[in-house]
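Visitor: To start, I am sharing the structure in question, which I have written as structure tokens.
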Amino acid sequence: MSNLYKEITINGLWKQNPGVVQLLGLCPTLAVTTSAVNGLSLGFATALVMAAANGSVSPVRRFVPNEIRVPVFILVIAALVTVIDLTINGFAHQLHKVLGIFIPLIVVNCIVLARVESFAAKNSPVPSMLDGFMMGLGLALVLGLLGAMREFVGKGTILSGLDLVFSSMPKQLYTIPDYHGFLLAVLPPGAFLGLGTLIAIRNWIEIRKAAKISTPTPNLKPALSH
């Protein structure tokens, strides 16, 4: 069982990462990641919805007829997204205003429905919840990295908007002095370039790993003397 959990974790964070491997949910990935805080906030909200949706669907999967399977799954996801949406609105209203329509759009995010359909509908609750959370966490890491890249290059700040989540925190942790910004980074083309960079880095790492595995180890044993 531990091997199953390990495989689920690795798949969600690396092998089948929704952001840089499956390339699902590109609309919020490209639109919200103008800062690391925005990206991480939406990513963690998505992760919570995915974990809760998988955990809710898995116990009742045998009782839902195939003909109405998808509508039932969407209703469950919509109810959970409503809870997350109202919670963020209540405890972090300014952040809710920044994320805007992208929180309700989690309902139709293909990542959420894909994991409910392909994993939760076929597995028990605990692995299903872990799968949903790890897939969502993998997406959150991509959103956070992409947002940090665009924010730092575009505005010269690090973690700007912390006060939207925690009112006691400063508006940003660091600002480059006398930096006038690079507008392209915070515009939609900058999102495509940043995401392409993350995909390229991930593919490069995989190629290097495959090359090391395929390279034969030299025989270092000394020759036997006659």
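Residues in the structure tokens are numbered from 1 in each chain, the chains being A, B, ... in the order shown, and ligands are numbered from 1 in the order shown.
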Name the residues in contact with A:Tyr5 at a cut-off of 9 Å, using only C-alpha atoms, excluding same-chain residues fewer than 4 positions from it; report them as a list in words.
Guide: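 So the residues in contact are Met1, Thr9, Ile10, Pro127, Leu130 and Asp131 of chain A.
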Visitor: May I have the residues within 10 Å of stretch 27-34 of chain A as a PDB file with N, CA, C and O atoms, in the first residue's frame, using only C-alpha atoms and disregarding those fewer than 4 positions away in the same chain?
Guide:
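Listed below is the output, out.pdb:
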```pdb
ATOM      1  N   GLY A  19       0.162  20.682 -14.770  1.00  0.00           N
ATOM      2  CA  GLY A  19       0.574  21.950 -15.366  1.00  0.00           C
ATOM      3  C   GLY A  19       1.592  21.839 -16.465  1.00  0.00           C
ATOM      4  O   GLY A  19       1.509  22.557 -17.471  1.00  0.00           O
ATOM      5  N   LEU A  23      -0.825  19.336 -19.250  1.00  0.00           N
ATOM      6  CA  LEU A  23      -1.229  20.635 -19.812  1.00  0.00           C
ATOM      7  C   LEU A  23      -2.740  20.827 -19.749  1.00  0.00           C
ATOM      8  O   LEU A  23      -3.379  21.246 -20.713  1.00  0.00           O
ATOM      9  N   ASN A  38      -1.032  34.926  -6.088  1.00  0.00           N
ATOM     10  CA  ASN A  38      -2.252  34.600  -6.830  1.00  0.00           C
ATOM     11  C   ASN A  38      -2.228  33.151  -7.315  1.00  0.00           C
ATOM     12  O   ASN A  38      -3.210  32.418  -7.193  1.00  0.00           O
ATOM     13  N   GLY A  39      -1.087  32.748  -7.886  1.00  0.00           N
ATOM     14  CA  GLY A  39      -0.984  31.392  -8.405  1.00  0.00           C
ATOM     15  C   GLY A  39      -1.105  30.345  -7.315  1.00  0.00           C
ATOM     16  O   GLY A  39      -1.850  29.361  -7.458  1.00  0.00           O
ATOM     17  N   LEU A  40      -0.388  30.533  -6.216  1.00  0.00           N
ATOM     18  CA  LEU A  40      -0.448  29.569  -5.123  1.00  0.00           C
ATOM     19  C   LEU A  40      -1.838  29.507  -4.497  1.00  0.00           C
ATOM     20  O   LEU A  40      -2.323  28.431  -4.139  1.00  0.00           O
ATOM     21  N   SER A  41      -2.482  30.666  -4.357  1.00  0.00           N
ATOM     22  CA  SER A  41      -3.813  30.697  -3.736  1.00  0.00           C
ATOM     23  C   SER A  41      -4.817  29.901  -4.558  1.00  0.00           C
ATOM     24  O   SER A  41      -5.548  29.057  -4.014  1.00  0.00           O
ATOM     25  N   LEU A  42      -4.847  30.143  -5.869  1.00  0.00           N
ATOM     26  CA  LEU A  42      -5.779  29.394  -6.712  1.00  0.00           C
ATOM     27  C   LEU A  42      -5.380  27.928  -6.783  1.00  0.00           C
ATOM     28  O   LEU A  42      -6.244  27.042  -6.801  1.00  0.00           O
ATOM     29  N   GLY A  43      -4.072  27.647  -6.784  1.00  0.00           N
ATOM     30  CA  GLY A  43      -3.615  26.264  -6.832  1.00  0.00           C
ATOM     31  C   GLY A  43      -4.022  25.480  -5.602  1.00  0.00           C
ATOM     32  O   GLY A  43      -4.505  24.341  -5.705  1.00  0.00           O
ATOM     33  N   VAL A  98      -9.366  39.634  -6.261  1.00  0.00           N
ATOM     34  CA  VAL A  98      -8.287  39.506  -7.250  1.00  0.00           C
ATOM     35  C   VAL A  98      -8.474  38.254  -8.099  1.00  0.00           C
ATOM     36  O   VAL A  98      -8.355  38.297  -9.330  1.00  0.00           O
ATOM     37  N   LEU A  99      -8.793  37.130  -7.456  1.00  0.00           N
ATOM     38  CA  LEU A  99      -8.949  35.880  -8.204  1.00  0.00           C
ATOM     39  C   LEU A  99     -10.231  35.877  -9.027  1.00  0.00           C
ATOM     40  O   LEU A  99     -10.291  35.243 -10.084  1.00  0.00           O
ATOM     41  N   GLY A 100     -11.241  36.561  -8.546  1.00  0.00           N
ATOM     42  CA  GLY A 100     -12.466  36.782  -9.310  1.00  0.00           C
ATOM     43  C   GLY A 100     -13.139  35.513  -9.791  1.00  0.00           C
ATOM     44  O   GLY A 100     -13.375  34.568  -9.038  1.00  0.00           O
ATOM     45  N   ILE A 101     -13.441  35.483 -11.090  1.00  0.00           N
ATOM     46  CA  ILE A 101     -14.241  34.417 -11.681  1.00  0.00           C
ATOM     47  C   ILE A 101     -13.516  33.091 -11.716  1.00  0.00           C
ATOM     48  O   ILE A 101     -14.131  32.029 -11.888  1.00  0.00           O
ATOM     49  N   PHE A 102     -12.198  33.100 -11.516  1.00  0.00           N
ATOM     50  CA  PHE A 102     -11.439  31.861 -11.665  1.00  0.00           C
ATOM     51  C   PHE A 102     -11.678  30.876 -10.524  1.00  0.00           C
ATOM     52  O   PHE A 102     -11.386  29.687 -10.675  1.00  0.00           O
ATOM     53  N   ILE A 103     -12.185  31.334  -9.384  1.00  0.00           N
ATOM     54  CA  ILE A 103     -12.557  30.387  -8.327  1.00  0.00           C
ATOM     55  C   ILE A 103     -13.802  29.594  -8.731  1.00  0.00           C
ATOM     56  O   ILE A 103     -13.778  28.352  -8.706  1.00  0.00           O
ATOM     57  N   LEU A 105     -14.789  28.999 -11.645  1.00  0.00           N
ATOM     58  CA  LEU A 105     -14.457  28.221 -12.839  1.00  0.00           C
ATOM     59  C   LEU A 105     -13.747  26.915 -12.516  1.00  0.00           C
ATOM     60  O   LEU A 105     -13.543  26.095 -13.415  1.00  0.00           O
ATOM     61  N   ILE A 106     -13.360  26.709 -11.251  1.00  0.00           N
ATOM     62  CA  ILE A 106     -12.796  25.408 -10.873  1.00  0.00           C
ATOM     63  C   ILE A 106     -13.802  24.292 -11.158  1.00  0.00           C
ATOM     64  O   ILE A 106     -13.423  23.153 -11.430  1.00  0.00           O
ATOM     65  N   ASN A 109     -13.120  23.030 -14.491  1.00  0.00           N
ATOM     66  CA  ASN A 109     -11.719  22.762 -14.769  1.00  0.00           C
ATOM     67  C   ASN A 109     -11.560  21.289 -15.119  1.00  0.00           C
ATOM     68  O   ASN A 109     -11.934  20.406 -14.342  1.00  0.00           O
ATOM     69  N   LEU A 139      -0.190  21.089  -9.476  1.00  0.00           N
ATOM     70  CA  LEU A 139      -0.631  22.269 -10.215  1.00  0.00           C
ATOM     71  C   LEU A 139      -0.303  23.545  -9.454  1.00  0.00           C
ATOM     72  O   LEU A 139       0.141  24.542 -10.047  1.00  0.00           O
ATOM     73  N   ALA A 140      -0.507  23.533  -8.120  1.00  0.00           N
ATOM     74  CA  ALA A 140      -0.224  24.718  -7.314  1.00  0.00           C
ATOM     75  C   ALA A 140       1.251  25.104  -7.383  1.00  0.00           C
ATOM     76  O   ALA A 140       1.587  26.295  -7.456  1.00  0.00           O
ATOM     77  N   VAL A 142       3.281  24.554  -9.895  1.00  0.00           N
ATOM     78  CA  VAL A 142       3.510  25.149 -11.216  1.00  0.00           C
ATOM     79  C   VAL A 142       2.971  26.577 -11.258  1.00  0.00           C
ATOM     80  O   VAL A 142       3.646  27.496 -11.755  1.00  0.00           O
ATOM     81  N   LEU A 143       1.771  26.782 -10.726  1.00  0.00           N
ATOM     82  CA  LEU A 143       1.193  28.124 -10.693  1.00  0.00           C
ATOM     83  C   LEU A 143       2.059  29.074  -9.862  1.00  0.00           C
ATOM     84  O   LEU A 143       2.269  30.232 -10.238  1.00  0.00           O
ATOM     85  N   GLY A 144       2.557  28.577  -8.726  1.00  0.00           N
ATOM     86  CA  GLY A 144       3.405  29.415  -7.886  1.00  0.00           C
ATOM     87  C   GLY A 144       4.725  29.765  -8.548  1.00  0.00           C
ATOM     88  O   GLY A 144       5.159  30.920  -8.517  1.00  0.00           O
ATOM     89  N   LEU A 145       5.383  28.771  -9.168  1.00  0.00           N
ATOM     90  CA  LEU A 145       6.654  29.029  -9.861  1.00  0.00           C
ATOM     91  C   LEU A 145       6.471  29.978 -11.032  1.00  0.00           C
ATOM     92  O   LEU A 145       7.251  30.917 -11.229  1.00  0.00           O
ATOM     93  N   LEU A 146       5.418  29.729 -11.822  1.00  0.00           N
ATOM     94  CA  LEU A 146       5.164  30.595 -12.979  1.00  0.00           C
ATOM     95  C   LEU A 146       4.839  32.008 -12.525  1.00  0.00           C
ATOM     96  O   LEU A 146       5.330  32.995 -13.105  1.00  0.00           O
ATOM     97  N   GLY A 147       4.020  32.127 -11.479  1.00  0.00           N
ATOM     98  CA  GLY A 147       3.700  33.450 -10.955  1.00  0.00           C
ATOM     99  C   GLY A 147       4.917  34.166 -10.409  1.00  0.00           C
ATOM    100  O   GLY A 147       5.088  35.373 -10.607  1.00  0.00           O
ATOM    101  N   ALA A 148       5.802  33.418  -9.712  1.00  0.00           N
ATOM    102  CA  ALA A 148       7.017  34.028  -9.166  1.00  0.00           C
ATOM    103  C   ALA A 148       7.937  34.519 -10.278  1.00  0.00           C
ATOM    104  O   ALA A 148       8.525  35.606 -10.181  1.00  0.00           O
ATOM    105  N   MET A 149       8.065  33.717 -11.342  1.00  0.00           N
ATOM    106  CA  MET A 149       8.905  34.117 -12.474  1.00  0.00           C
ATOM    107  C   MET A 149       8.374  35.388 -13.124  1.00  0.00           C
ATOM    108  O   MET A 149       9.119  36.353 -13.356  1.00  0.00           O
ATOM    109  N   ARG A 150       7.087  35.401 -13.399  1.00  0.00           N
ATOM    110  CA  ARG A 150       6.494  36.553 -14.085  1.00  0.00           C
ATOM    111  C   ARG A 150       6.528  37.795 -13.195  1.00  0.00           C
ATOM    112  O   ARG A 150       6.781  38.905 -13.676  1.00  0.00           O
ATOM    113  N   GLU A 151       6.282  37.591 -11.911  1.00  0.00           N
ATOM    114  CA  GLU A 151       6.282  38.720 -10.980  1.00  0.00           C
ATOM    115  C   GLU A 151       7.676  39.325 -10.844  1.00  0.00           C
ATOM    116  O   GLU A 151       7.841  40.551 -10.888  1.00  0.00           O
ATOM    117  N   PHE A 152       8.691  38.468 -10.694  1.00  0.00           N
ATOM    118  CA  PHE A 152      10.048  38.961 -10.479  1.00  0.00           C
ATOM    119  C   PHE A 152      10.577  39.667 -11.726  1.00  0.00           C
ATOM    120  O   PHE A 152      11.149  40.756 -11.640  1.00  0.00           O
ATOM    121  N   GLY A 154       8.709  40.766 -14.335  1.00  0.00           N
ATOM    122  CA  GLY A 154       7.820  41.827 -14.782  1.00  0.00           C
ATOM    123  C   GLY A 154       7.761  43.033 -13.872  1.00  0.00           C
ATOM    124  O   GLY A 154       7.726  44.174 -14.339  1.00  0.00           O
ATOM    125  N   LYS A 155       7.772  42.799 -12.549  1.00  0.00           N
ATOM    126  CA  LYS A 155       7.610  43.901 -11.603  1.00  0.00           C
ATOM    127  C   LYS A 155       8.784  44.080 -10.646  1.00  0.00           C
ATOM    128  O   LYS A 155       8.841  45.071  -9.921  1.00  0.00           O
ATOM    129  N   SER A 160       4.619  39.573  -3.855  1.00  0.00           N
ATOM    130  CA  SER A 160       3.752  40.733  -3.688  1.00  0.00           C
ATOM    131  C   SER A 160       2.310  40.269  -3.482  1.00  0.00           C
ATOM    132  O   SER A 160       1.875  39.269  -4.058  1.00  0.00           O
ATOM    133  N   ALA A 185       6.444  40.328 -19.398  1.00  0.00           N
ATOM    134  CA  ALA A 185       6.345  39.199 -18.461  1.00  0.00           C
ATOM    135  C   ALA A 185       4.971  39.100 -17.807  1.00  0.00           C
ATOM    136  O   ALA A 185       4.511  37.993 -17.496  1.00  0.00           O
ATOM    137  N   VAL A 186       4.312  40.219 -17.562  1.00  0.00           N
ATOM    138  CA  VAL A 186       3.018  40.192 -16.886  1.00  0.00           C
ATOM    139  C   VAL A 186       1.846  40.209 -17.860  1.00  0.00           C
ATOM    140  O   VAL A 186       0.692  40.170 -17.443  1.00  0.00           O
ATOM    141  N   LEU A 187       2.138  40.250 -19.166  1.00  0.00           N
ATOM    142  CA  LEU A 187       1.098  40.163 -20.184  1.00  0.00           C
ATOM    143  C   LEU A 187       0.908  38.704 -20.597  1.00  0.00           C
ATOM    144  O   LEU A 187       1.751  37.850 -20.300  1.00  0.00           O
ATOM    145  N   PRO A 188      -0.201  38.361 -21.278  1.00  0.00           N
ATOM    146  CA  PRO A 188      -0.436  36.964 -21.675  1.00  0.00           C
ATOM    147  C   PRO A 188       0.720  36.293 -22.410  1.00  0.00           C
ATOM    148  O   PRO A 188       1.007  35.123 -22.140  1.00  0.00           O
ATOM    149  N   PRO A 189       1.428  36.972 -23.336  1.00  0.00           N
ATOM    150  CA  PRO A 189       2.575  36.296 -23.963  1.00  0.00           C
ATOM    151  C   PRO A 189       3.631  35.870 -22.956  1.00  0.00           C
ATOM    152  O   PRO A 189       4.283  34.834 -23.128  1.00  0.00           O
ATOM    153  N   GLY A 190       3.809  36.647 -21.901  1.00  0.00           N
ATOM    154  CA  GLY A 190       4.765  36.275 -20.861  1.00  0.00           C
ATOM    155  C   GLY A 190       4.374  34.995 -20.156  1.00  0.00           C
ATOM    156  O   GLY A 190       5.243  34.210 -19.746  1.00  0.00           O
ATOM    157  N   ALA A 191       3.056  34.754 -20.012  1.00  0.00           N
ATOM    158  CA  ALA A 191       2.595  33.510 -19.394  1.00  0.00           C
ATOM    159  C   ALA A 191       2.958  32.314 -20.272  1.00  0.00           C
ATOM    160  O   ALA A 191       3.420  31.277 -19.770  1.00  0.00           O
ATOM    161  N   PHE A 192       2.769  32.438 -21.583  1.00  0.00           N
ATOM    162  CA  PHE A 192       3.137  31.347 -22.493  1.00  0.00           C
ATOM    163  C   PHE A 192       4.637  31.086 -22.463  1.00  0.00           C
ATOM    164  O   PHE A 192       5.084  29.937 -22.430  1.00  0.00           O
ATOM    165  N   GLY A 194       6.764  31.809 -20.026  1.00  0.00           N
ATOM    166  CA  GLY A 194       7.135  31.252 -18.730  1.00  0.00           C
ATOM    167  C   GLY A 194       6.760  29.787 -18.610  1.00  0.00           C
ATOM    168  O   GLY A 194       7.558  28.965 -18.130  1.00  0.00           O
ATOM    169  N   LEU A 195       5.543  29.430 -19.050  1.00  0.00           N
ATOM    170  CA  LEU A 195       5.120  28.036 -18.991  1.00  0.00           C
ATOM    171  C   LEU A 195       5.987  27.173 -19.894  1.00  0.00           C
ATOM    172  O   LEU A 195       6.367  26.056 -19.528  1.00  0.00           O
TER     173      LEU A 195
END
```
Visitor: I'd like to know which of A:Phe63, A:Glu206, A:Lys212, A:Leu198 is closest to A:Val20, using only C-alpha atoms.
Guide: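 Using only C-alpha atoms, the shortest distance to A:Val20 belongs to A:Leu198.
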Visitor: Find the residues of stretch 104-134 of chain A that sit at most 9 Å from stretch 69-88 of chain A; for each, write down the nearest two atoms and how far apart they are in Å, to one decimal. Count only C-alpha atoms. Sort by chain, then by number going up, and give it as a tab-separated table.
Guide:
```
residue	atom	partner	partner_atom	distance
A:Pro104	CA	A:Val81	CA	6.4
A:Leu105	CA	A:Val81	CA	8.6
A:Ile106	CA	A:Val81	CA	6.8
A:Val107	CA	A:Ala78	CA	5.3
A:Val108	CA	A:Ile74	CA	7.8
A:Val112	CA	A:Ile77	CA	7.9
A:Leu113	CA	A:Ile74	CA	7.3
A:Val116	CA	A:Phe73	CA	7.4
A:Glu117	CA	A:Val70	CA	7.9
```
Visitor: Among the residues of stretch 12-212 of chain A, find those DSSP assigns to helix (DSSP H, G or I) from the backbone and print them as a ChimeraX atom specification.
Guide: /A:12-15,26-31,36-63,66-91,93-102,104-108,110-120,125-155,162-165,183-186,188-212
Visitor: Looking at only C-alpha atoms, which of A:Leu4, A:Leu141, A:Leu24, A:Ala36 is the one that sits closest to A:Val165?
Guide: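 Result for the nearest residue to A:Val165: A:Ala36.
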